[in-house]
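Chemist: Contents of query-v1.tsv (TSV, C-alpha atoms) are below:
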chain	number	residue	atom	x	y	z
A	379	MET	CA	-26.37	-54.41	191.38
A	380	THR	CA	-23.20	-55.45	193.20
A	381	SER	CA	-19.61	-55.38	192.09
A	382	THR	CA	-19.75	-59.17	191.64
A	383	THR	CA	-22.70	-59.11	189.23
A	384	ARG	CA	-21.78	-60.63	185.86
A	385	THR	CA	-23.66	-59.41	182.80
A	386	GLN	CA	-25.06	-61.94	180.36
A	387	VAL	CA	-24.88	-59.45	177.48
A	388	ARG	CA	-22.88	-60.84	174.58
A	389	LEU	CA	-19.90	-58.66	173.76
A	390	ARG	CA	-17.96	-58.77	170.52
A	391	PRO	CA	-15.02	-61.06	171.36
A	392	GLU	CA	-12.43	-58.66	169.94
A	393	ILE	CA	-13.87	-55.82	172.04
A	394	ALA	CA	-14.09	-57.90	175.22
A	395	GLY	CA	-10.39	-58.64	174.92
A	396	LEU	CA	-9.37	-55.11	173.96
A	397	PRO	CA	-7.32	-53.29	176.62
A	398	ALA	CA	-8.39	-49.76	177.45
A	399	TYR	CA	-6.20	-46.88	176.32
A	400	ARG	CA	-3.49	-46.30	178.90
A	401	GLN	CA	-2.45	-42.73	179.65
A	402	GLY	CA	1.02	-41.69	180.65
A	403	ARG	CA	1.59	-42.21	184.37
A	404	PRO	CA	1.09	-39.27	186.73
A	405	ALA	CA	4.07	-38.07	188.75
A	406	ALA	CA	4.65	-37.46	192.44
A	407	SER	CA	5.15	-33.88	193.58
A	408	ASP	CA	8.94	-34.23	193.46
A	409	ALA	CA	9.04	-35.87	190.00
A	410	LEU	CA	8.54	-34.64	186.45
A	411	LYS	CA	5.63	-36.06	184.43
A	412	LEU	CA	7.21	-36.63	181.02
A	413	SER	CA	4.93	-39.48	180.01
A	414	SER	CA	2.19	-37.84	177.94
A	415	ASN	CA	3.91	-35.44	175.49
A	416	GLU	CA	2.14	-32.54	177.14
A	417	ASN	CA	3.25	-28.95	176.64
A	418	PRO	CA	4.76	-27.76	179.95
A	419	PHE	CA	3.62	-24.20	179.25
A	420	PRO	CA	0.09	-23.08	180.11
A	421	PRO	CA	-2.27	-21.91	177.35
A	422	LEU	CA	-1.17	-18.76	175.54
A	423	PRO	CA	-2.12	-15.38	177.09
A	424	GLY	CA	-5.81	-14.61	176.62
A	425	VAL	CA	-6.75	-18.14	175.61
A	426	VAL	CA	-8.36	-19.17	178.91
A	427	GLU	CA	-10.41	-15.96	178.97
A	428	ALA	CA	-11.48	-16.49	175.37
A	429	ALA	CA	-12.42	-20.10	176.08
A	430	VAL	CA	-14.80	-19.14	178.86
A	431	GLY	CA	-16.27	-16.38	176.69
A	432	ASP	CA	-19.77	-15.44	177.81
A	433	GLY	CA	-19.90	-18.47	180.10
A	434	ALA	CA	-22.91	-19.96	178.32
A	435	ILE	CA	-21.94	-23.56	179.01
A	436	ASN	CA	-25.60	-24.34	179.65
A	437	ARG	CA	-26.05	-24.15	175.86
A	438	TYR	CA	-24.93	-26.70	173.31
A	439	PRO	CA	-21.96	-25.74	171.12
A	440	ASP	CA	-22.15	-25.31	167.36
A	441	ALA	CA	-21.98	-28.91	166.16
A	442	THR	CA	-20.12	-27.85	163.00
A	443	ALA	CA	-17.48	-25.69	164.75
A	444	ALA	CA	-18.12	-23.29	161.88
A	445	ARG	CA	-15.97	-20.41	163.14
A	446	LEU	CA	-12.93	-22.60	163.69
A	447	ARG	CA	-13.39	-24.39	160.38
A	448	ALA	CA	-13.59	-21.04	158.58
A	449	ALA	CA	-10.37	-19.85	160.24
A	450	LEU	CA	-8.55	-23.06	159.35
A	451	ALA	CA	-9.90	-22.99	155.79
A	452	ALA	CA	-8.47	-19.50	155.36
A	453	ARG	CA	-5.13	-20.59	156.79
A	454	PHE	CA	-4.79	-23.61	154.49
A	455	ASP	CA	-6.46	-21.92	151.50
A	456	VAL	CA	-9.13	-24.59	151.17
A	457	ASP	CA	-12.92	-24.63	151.16
A	458	VAL	CA	-14.57	-24.73	154.58
A	459	ASP	CA	-16.08	-28.13	153.74
A	460	GLU	CA	-12.54	-29.43	153.30
A	461	VAL	CA	-11.95	-28.90	157.03
A	462	HIS	CA	-13.29	-31.11	159.80
A	463	VAL	CA	-12.87	-30.51	163.53
A	464	GLY	CA	-12.94	-33.23	166.19
A	465	ALA	CA	-12.16	-33.90	169.83
A	466	GLY	CA	-8.44	-34.31	169.22
A	467	SER	CA	-6.82	-35.89	166.19
A	468	VAL	CA	-7.33	-39.38	167.64
A	469	SER	CA	-11.10	-38.97	167.35
A	470	LEU	CA	-10.67	-37.96	163.72
A	471	ILE	CA	-8.67	-41.11	163.02
A	472	ALA	CA	-11.47	-43.15	164.59
A	473	GLN	CA	-14.08	-41.41	162.44
A	474	LEU	CA	-12.12	-41.86	159.21
A	475	LEU	CA	-11.45	-45.54	159.89
A	476	LEU	CA	-15.11	-46.16	160.69
A	477	ALA	CA	-16.00	-44.50	157.39
A	478	VAL	CA	-13.85	-46.79	155.24
A	479	ALA	CA	-13.11	-50.05	157.09
A	480	GLY	CA	-15.15	-52.91	158.49
A	481	ALA	CA	-15.10	-56.65	159.03
A	482	GLY	CA	-12.84	-58.39	156.52
A	483	ASP	CA	-10.92	-55.22	155.66
A	484	GLU	CA	-7.35	-54.29	156.56
A	485	VAL	CA	-5.59	-51.14	157.77
A	486	VAL	CA	-1.84	-50.80	157.26
A	487	TYR	CA	0.35	-48.75	159.58
A	488	PRO	CA	3.93	-48.68	160.89
A	489	TRP	CA	4.84	-50.32	164.16
A	490	ARG	CA	5.86	-49.21	166.64
A	491	SER	CA	3.76	-46.06	166.29
A	492	PHE	CA	0.91	-44.33	168.14
A	493	GLU	CA	-0.44	-46.83	170.65
A	494	ALA	CA	-4.09	-46.05	169.86
A	495	TYR	CA	-3.88	-47.27	166.25
A	496	PRO	CA	-4.42	-50.99	167.00
A	497	SER	CA	-7.47	-50.33	169.18
A	498	LEU	CA	-9.01	-47.92	166.68
A	499	VAL	CA	-8.69	-50.50	163.92
A	500	THR	CA	-10.11	-53.28	166.09
A	501	VAL	CA	-13.19	-51.23	166.96
A	502	THR	CA	-14.05	-50.93	163.25
A	503	GLY	CA	-13.99	-54.73	162.90
A	504	ALA	CA	-11.06	-54.54	160.49
A	505	THR	CA	-7.67	-56.22	160.86
A	506	SER	CA	-4.41	-54.42	161.61
A	507	VAL	CA	-1.44	-54.96	159.32
A	508	GLN	CA	1.54	-53.72	161.32
A	509	VAL	CA	4.69	-53.06	159.31
A	510	PRO	CA	7.88	-53.01	161.42
A	511	LEU	CA	9.96	-49.86	161.46
A	512	THR	CA	13.44	-49.92	159.96
A	513	ALA	CA	16.47	-50.54	162.16
A	514	ASP	CA	16.83	-46.78	162.59
A	515	HIS	CA	13.24	-46.40	163.83
A	516	ARG	CA	11.77	-44.95	160.63
A	517	HIS	CA	8.79	-45.89	158.47
A	518	ASP	CA	9.60	-48.69	156.03
A	519	LEU	CA	7.49	-47.19	153.28
A	520	ASP	CA	8.48	-49.79	150.69
A	521	ALA	CA	7.33	-52.57	153.00
A	522	MET	CA	4.15	-50.63	153.80
A	523	ALA	CA	3.40	-50.29	150.08
A	524	ASP	CA	4.07	-54.02	149.62
A	525	ALA	CA	1.59	-54.75	152.44
A	526	ILE	CA	-1.29	-53.06	150.60
A	527	GLY	CA	-3.64	-55.60	149.10
A	528	ASP	CA	-7.19	-56.02	147.85
A	529	ARG	CA	-8.53	-55.85	151.43
A	530	THR	CA	-6.66	-52.68	152.37
A	531	ARG	CA	-8.97	-49.75	153.03
A	532	ALA	CA	-6.61	-47.34	154.79
A	533	VAL	CA	-2.95	-46.64	155.49
A	534	ILE	CA	-1.68	-44.48	158.36
A	535	VAL	CA	1.54	-42.48	158.10
A	536	CYS	CA	2.73	-40.80	161.31
A	537	SER	CA	5.24	-37.97	160.86
A	538	PRO	CA	6.86	-37.24	163.26
A	539	ASN	CA	6.32	-40.79	164.38
A	540	ASN	CA	5.14	-41.25	167.95
A	541	PRO	CA	7.06	-42.56	169.89
A	542	THR	CA	10.31	-42.81	167.88
A	543	GLY	CA	10.40	-39.19	166.64
A	544	SER	CA	11.37	-39.94	163.02
A	545	ILE	CA	9.91	-38.07	160.04
A	546	VAL	CA	8.85	-38.97	156.52
A	547	THR	CA	10.47	-36.76	153.93
A	548	GLU	CA	8.77	-35.10	150.96
A	549	THR	CA	10.57	-37.36	148.50
A	550	GLU	CA	9.75	-40.49	150.48
A	551	LEU	CA	6.07	-39.70	150.87
A	552	ARG	CA	5.57	-38.78	147.22
A	553	SER	CA	7.26	-41.98	146.10
A	554	PHE	CA	5.10	-43.95	148.51
A	555	LEU	CA	1.87	-42.32	147.33
A	556	ASP	CA	2.74	-43.26	143.74
A	557	ARG	CA	2.37	-46.88	144.87
A	558	VAL	CA	-0.86	-46.46	146.85
A	559	PRO	CA	-4.10	-47.11	144.93
A	560	GLU	CA	-6.34	-44.03	144.75
A	561	SER	CA	-9.12	-46.09	146.33
A	562	VAL	CA	-7.13	-46.48	149.58
A	563	LEU	CA	-7.38	-43.75	152.22
A	564	VAL	CA	-4.06	-42.40	153.47
A	565	ILE	CA	-4.19	-40.73	156.90
A	566	LEU	CA	-1.22	-38.41	157.42
A	567	ASP	CA	-0.97	-37.96	161.19
A	568	GLU	CA	1.01	-34.76	161.88
A	569	ALA	CA	0.19	-34.19	165.54
A	570	TYR	CA	3.76	-32.99	166.25
A	571	ARG	CA	4.39	-31.05	163.03
A	572	GLU	CA	5.06	-27.70	164.74
A	573	PHE	CA	8.15	-29.09	166.48
A	574	VAL	CA	9.90	-30.05	163.22
A	575	VAL	CA	12.80	-27.89	162.02
A	576	ASP	CA	14.09	-30.27	159.33
A	577	PRO	CA	13.05	-28.78	155.94
A	578	SER	CA	13.02	-32.19	154.26
A	579	ILE	CA	9.78	-33.23	155.99
A	580	ALA	CA	6.82	-33.87	153.70
A	581	ASP	CA	4.53	-30.86	153.24
A	582	GLY	CA	1.19	-32.39	154.12
A	583	ALA	CA	-0.73	-29.24	153.22
A	584	SER	CA	0.48	-29.50	149.61
A	585	ILE	CA	0.12	-33.26	149.47
A	586	VAL	CA	-3.62	-33.20	150.25
A	587	ARG	CA	-4.26	-30.77	147.38
A	588	GLU	CA	-2.64	-33.14	144.91
A	589	HIS	CA	-3.88	-36.47	146.31
A	590	PRO	CA	-7.63	-36.60	147.07
A	591	ASN	CA	-7.19	-39.90	148.94
A	592	VAL	CA	-4.95	-38.24	151.56
A	593	VAL	CA	-6.31	-36.59	154.73
A	594	LEU	CA	-4.02	-34.43	156.87
A	595	LEU	CA	-4.50	-34.44	160.66
A	596	ARG	CA	-3.19	-31.91	163.18
A	597	THR	CA	-4.03	-30.97	166.75
A	598	PHE	CA	-4.14	-28.12	169.24
A	599	SER	CA	-3.13	-30.50	172.05
A	600	LYS	CA	0.65	-30.32	171.66
A	601	ALA	CA	2.26	-27.09	170.43
A	602	TYR	CA	-0.73	-24.94	171.43
A	603	GLY	CA	-1.02	-26.51	174.88
A	604	LEU	CA	-4.75	-27.32	174.76
A	605	ALA	CA	-4.51	-31.04	175.55
A	606	GLY	CA	-7.17	-30.75	178.24
A	607	LEU	CA	-9.74	-29.27	175.86
A	608	ARG	CA	-9.45	-31.94	173.14
A	609	VAL	CA	-9.59	-30.25	169.75
A	610	GLY	CA	-7.94	-31.32	166.50
A	611	TYR	CA	-8.62	-30.92	162.81
A	612	ALA	CA	-8.49	-32.64	159.44
A	613	ILE	CA	-7.83	-31.19	155.98
A	614	GLY	CA	-8.90	-33.21	152.96
A	615	ASP	CA	-11.41	-34.03	150.27
A	616	ARG	CA	-14.97	-33.01	151.13
A	617	ALA	CA	-16.44	-36.45	150.42
A	618	LEU	CA	-14.00	-38.11	152.83
A	619	LEU	CA	-14.61	-35.53	155.53
A	620	ASP	CA	-18.39	-35.73	155.06
A	621	ALA	CA	-18.10	-39.47	155.68
A	622	ALA	CA	-16.06	-38.81	158.81
A	623	ARG	CA	-18.63	-36.26	159.99
A	624	SER	CA	-21.32	-38.92	159.56
A	625	THR	CA	-19.54	-41.27	161.97
A	626	ALA	CA	-18.71	-38.59	164.56
A	627	ILE	CA	-20.33	-38.35	167.98
A	628	PRO	CA	-22.42	-35.16	167.77
A	629	LEU	CA	-21.32	-32.09	169.76
A	630	ALA	CA	-18.00	-33.67	170.78
A	631	VAL	CA	-16.09	-30.41	170.34
A	632	THR	CA	-17.19	-28.03	173.08
A	633	GLY	CA	-17.70	-24.31	172.69
A	634	LEU	CA	-14.84	-23.74	175.14
A	635	ALA	CA	-12.52	-25.78	172.94
A	636	GLU	CA	-13.52	-23.94	169.79
A	637	ASN	CA	-13.07	-20.55	171.47
A	638	ALA	CA	-9.64	-21.53	172.80
A	639	ALA	CA	-8.50	-22.88	169.44
A	640	LEU	CA	-9.59	-19.72	167.64
A	641	GLU	CA	-7.72	-17.50	170.08
A	642	SER	CA	-4.66	-19.75	169.88
A	643	LEU	CA	-4.61	-19.50	166.08
A	644	ALA	CA	-4.40	-15.73	166.42
A	645	ARG	CA	-1.28	-16.09	168.59
A	646	ASP	CA	0.94	-18.17	166.35
A	647	ASP	CA	4.00	-15.99	166.91
A	648	GLU	CA	3.82	-16.57	170.66
A	649	MET	CA	3.22	-20.28	170.12
A	650	LEU	CA	6.29	-20.54	167.89
A	651	GLU	CA	8.40	-18.78	170.52
A	652	ARG	CA	7.44	-21.45	173.03
A	653	VAL	CA	8.05	-24.20	170.51
A	654	SER	CA	11.51	-22.73	169.92
A	655	VAL	CA	12.24	-23.00	173.65
A	656	LEU	CA	11.16	-26.65	173.67
A	657	VAL	CA	13.20	-27.41	170.55
A	658	GLY	CA	16.20	-25.90	172.33
A	659	ARG	CA	15.58	-28.10	175.38
A	660	ARG	CA	15.19	-31.09	173.06
A	661	SER	CA	18.66	-30.43	171.65
A	662	GLU	CA	20.17	-30.02	175.13
A	663	GLN	CA	18.62	-33.23	176.42
A	664	LEU	CA	19.52	-35.15	173.28
A	665	ASP	CA	23.14	-34.01	173.59
A	666	ALA	CA	23.16	-34.96	177.28
A	667	VAL	CA	21.97	-38.53	176.80
A	668	ARG	CA	24.17	-39.08	173.75
A	669	ALA	CA	27.21	-37.74	175.57
A	670	ALA	CA	26.54	-40.28	178.31
A	671	GLY	CA	26.73	-43.05	175.70
A	672	LEU	CA	23.11	-43.71	174.71
A	673	ARG	CA	22.12	-44.22	171.10
A	674	VAL	CA	19.02	-42.10	170.52
A	675	PRO	CA	17.34	-41.50	167.14
A	676	GLU	CA	17.13	-37.93	165.91
A	677	PRO	CA	13.98	-36.48	167.51
A	678	HIS	CA	11.56	-34.32	165.54
A	679	GLY	CA	8.63	-34.18	167.99
A	680	ASN	CA	8.58	-33.02	171.60
A	681	PHE	CA	10.04	-36.26	172.96
A	682	LEU	CA	13.06	-38.58	172.95
A	683	TRP	CA	12.96	-42.34	172.31
A	684	LEU	CA	15.06	-44.83	174.26
A	685	ASP	CA	15.17	-48.18	172.43
A	686	ALA	CA	15.37	-50.24	175.60
A	687	GLY	CA	13.79	-53.47	174.32
A	688	GLU	CA	13.55	-56.16	176.98
A	689	GLN	CA	15.26	-53.80	179.42
A	690	THR	CA	12.41	-51.28	179.20
A	691	GLY	CA	11.20	-51.88	182.76
A	692	ALA	CA	14.71	-51.49	184.19
A	693	VAL	CA	15.39	-48.33	182.18
A	694	ALA	CA	12.06	-46.82	183.24
A	695	GLY	CA	12.95	-47.66	186.83
A	696	VAL	CA	16.26	-45.80	186.58
A	697	LEU	CA	14.48	-42.76	185.17
A	698	GLU	CA	11.92	-42.88	187.95
A	699	ARG	CA	14.63	-42.98	190.61
A	700	HIS	CA	15.92	-39.74	189.11
A	701	GLY	CA	12.47	-38.14	189.26
A	702	ILE	CA	11.48	-38.66	185.62
A	703	ILE	CA	8.22	-40.42	184.77
A	704	GLY	CA	8.51	-41.53	181.14
A	705	ARG	CA	6.12	-43.55	178.99
A	706	ALA	CA	7.25	-47.16	179.06
A	707	PHE	CA	6.17	-49.51	176.26
A	708	PRO	CA	6.96	-52.99	177.63
A	709	GLY	CA	9.45	-54.90	175.53
A	710	SER	CA	10.01	-51.91	173.27
A	711	GLY	CA	11.31	-48.72	174.86
A	712	VAL	CA	10.69	-45.56	176.84
A	713	ARG	CA	9.46	-42.23	175.47
A	714	ILE	CA	10.48	-39.12	177.38
A	715	SER	CA	8.60	-35.90	176.72
A	716	ILE	CA	10.42	-32.59	176.49
A	717	GLY	CA	9.18	-30.62	179.45
A	718	GLU	CA	10.73	-28.58	182.22
A	719	GLN	CA	14.31	-27.30	181.95
A	720	GLU	CA	15.33	-29.15	185.11
A	721	ALA	CA	14.85	-32.45	183.30
A	722	THR	CA	18.23	-31.99	181.57
A	723	ALA	CA	20.29	-32.50	184.72
A	724	ARG	CA	18.14	-35.45	185.81
A	725	LEU	CA	18.44	-37.09	182.39
A	726	THR	CA	22.21	-36.64	182.42
A	727	ALA	CA	22.49	-38.51	185.70
A	728	ALA	CA	19.96	-41.17	184.69
A	729	ALA	CA	21.65	-41.78	181.33
A	730	ALA	CA	24.96	-42.56	183.00
A	731	GLU	CA	23.25	-45.12	185.23
A	732	ILE	CA	21.43	-46.65	182.25
A	733	VAL	CA	24.72	-47.06	180.37
A	734	ALA	CA	26.17	-48.91	183.37
A	735	LEU	CA	23.05	-51.10	183.56
A	736	LEU	CA	23.03	-52.38	179.98
A	737	GLU	CA	25.14	-55.20	178.56
A	738	PRO	CA	27.65	-54.34	175.79
A	739	GLY	CA	26.05	-54.51	172.37
A	740	HIS	CA	22.61	-53.42	173.55
A	741	PRO	CA	20.95	-51.31	170.80
A	742	LEU	CA	20.50	-48.41	173.21
A	743	LEU	CA	24.27	-48.09	173.61
A	744	GLY	CA	26.71	-46.46	171.23
A	745	GLY	CA	26.04	-42.74	170.84
A	746	PRO	CA	24.04	-41.04	168.06
A	747	SER	CA	21.87	-42.99	165.66
A	748	ARG	CA	21.11	-42.02	162.09
A	749	LYS	CA	19.16	-38.86	161.46
A	750	GLY	CA	15.68	-39.17	159.95
What does this structure look like when you write it as structure tokens?
Modeler:
Amino acid sequence: MTSTTRTQVRLRPEIAGLPAYRQGRPAASDALKLSSNENPFPPLPGVVEAAVGDGAINRYPDATAARLRAALAARFDVDVDEVHVGAGSVSLIAQLLLAVAGAGDEVVYPWRSFEAYPSLVTVTGATSVQVPLTADHRHDLDAMADAIGDRTRAVIVCSPNNPTGSIVTETELRSFLDRVPESVLVILDEAYREFVVDPSIADGASIVREHPNVVLLRTFSKAYGLAGLRVGYAIGDRALLDAARSTAIPLAVTGLAENAALESLARDDEMLERVSVLVGRRSEQLDAVRAAGLRVPEPHGNFLWLDAGEQTGAVAGVLERHGIIGRAFPGSGVRISIGEQEATARLTAAAAEIVALLEPGHPLLGGPSRKG
């Protein structure tokens, strides 16, 4: 077979036209890679050693991740069958959507939000219903509730929202759930929950106990620094998680990942110390770019959002010239992860250049934007 061979296999049209997931760009040796929301710290002490364990990688892992599920069940005070573990929270979203949605169905979610949502919905055969964020980059939950119809099978809520950093409050989420039919799955994506210090955020762990149609998702990729091992988890009703388990690729969570996650759970105090450092850097970098004259929404994850719009390419170019590789979303904006301390000085210089670049009245200009 040569590189010019063209297959005659019929592909689903929507899959043939589906772009592959695009990672954050790598960085040169003299630049900072702030494009993938990675934790700049290595795994917690002892985690790498625990991951390797007895080194028996010639054996298959436990397909149920029973030890990790038991530990998480104890932490959340739920039954072990109300916990499901997958290869990162994105795989869990895929499994849940496959379990409830198919051709002719709809999935409602905010936009802009996590860039994998559209592809995950398309793969199921369902149709995306994207509900625009509010002017201050937050979920428009009233509009999302209005978008739910007879064909809706699932709704995704992302808090903190990736890439804008906004949260959904307890009051907002409870009011929203009062409008969602019990037959519609609600996926509460909390991949960045550990970075939130605002007490008004919705308590997903309590919500899932009261609403059996809600599934809570979290991950070890961000705060725990295990992005390279791919392990996340879901908390929810057993029937929903059994359905997700039925759609999962078997043995996707490796033994190394389970070992590392278990050891990480035992080191929460150390994890929270590192999160505190990153939250401090987040505040410093937020203050720096706002002081320069940029209007940046209040961040609650480990990233900042620059609402660059049609100037996204130019803004990303300025950042790159200052040694910062952000995540550019063409026509929308640039997400900058909170990473190394040295990013603060680079962002300060870049922000001043961005202010000079933009025309008066651009939405990225004007200082702080509303908290939320």
Chemist: For A:Glu568, which residue out of A:Gly527, A:Gly679, A:Pro590, A:Gly739 is the nearest one, using only C-alpha atoms?
Modeler: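 Closest residue, counting only C-alpha atoms: A:Gly679.
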Chemist: Between A:Ala523, A:Ala449, A:Leu640, A:Ala686, which one has atoms that come closest to A:Val733, using only C-alpha atoms?
Modeler: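 Once distances to A:Val733 are computed over only C-alpha atoms, the minimum belongs to A:Ala686.
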Chemist: I'd like to know which of A:Ala398, A:Ala706, A:Leu412, A:Ile613 is closest to A:Glu720, using all atoms listed in the file.
Modeler: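 Closest residue, counting all atoms listed in the file: A:Leu412.
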Chemist: So, with only C-alpha atoms as the atoms that count, which of A:Ala521, A:Arg652, A:Phe598, A:Ile545 lies closest to A:Pro577?
Modeler: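 Among the listed residues, the smallest separation from A:Pro577 belongs to A:Ile545.
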Chemist: Mind giving me the straight-line distance from atom CA of A:Gly658 to atom CA of A:Pro675 in Å, one decimal?
Modeler: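 Atom CA of A:Pro675 lies at a distance of 16.5 Å from atom CA of A:Gly658.
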Chemist: Can you tell me, as a compact mmCIF listing (two decimals) with C-alpha atoms, in the coordinates of the input, what residues are no more than 7 Å from A:Ala601 when counting only C-alpha atoms, ignoring any on the same chain fewer than 4 positions away?
Modeler:
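Below you can see out-v8.txt, which holds the result:
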# COMPACT_ATOMS: atom_id res chain seq x y z
CA ASN A 417 3.25 -28.95 176.64
CA GLU A 572 5.06 -27.70 164.74
CA MET A 649 3.22 -20.28 170.12
CA VAL A 653 8.05 -24.20 170.51
Chemist: List the neighbours of stretch 430-440 of chain A out to 7 Å using all atoms listed in the file; skip same-chain residues closer than 4 positions along the sequence, and give me the result as a PyMOL selection string.
Modeler: chain A and resi 426+629+632-634
Chemist: Figure out the distance between atom CA of A:Asn680 and atom CA of A:Val592, please, to one decimal in Å.
Modeler: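 Rounded to one decimal, the two atoms are 24.7 Å apart.
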Chemist: So which one's closest to A:Arg645, A:Tyr602, A:Leu474, A:Leu563, A:Leu446? Using only C-alpha atoms, please.
Modeler: A:Tyr602
Chemist: Extract, using all atoms listed in the file, all DNA, RNA and protein residues at most 10 Å from stretch 502-508 of chain A, discarding same-chain residues fewer than 6 positions from it, and format them as a ChimeraX atom specification.
Modeler: /A:390,392-393,472-473,475-491,495-496,522,525-526,529-531,533
Chemist: One decimal, Å: what's the distance from atom CA of A:Glu416 over to atom CA of A:Lys600, could you say?
Modeler: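 Distance reported for this atom pair: 6.1 Å.
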Chemist: Need to verify the contact set: A:Leu697, 9 Å, only C-alpha atoms, exclusion of same-chain residues closer than 6 positions in sequence. Can you return it as a list in words?
Modeler: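 Everything that qualifies: Ile703, Gly704, Arg724, Leu725, Ala728, Ala729 and Ile732 of chain A.
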Chemist: Measuring atom to atom with all atoms listed in the file, identify which of A:Ala406, A:Leu594, A:Leu422, A:Ile716 is nearest to A:Leu682.
Modeler: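 Using all atoms listed in the file, the shortest distance to A:Leu682 belongs to A:Ile716.
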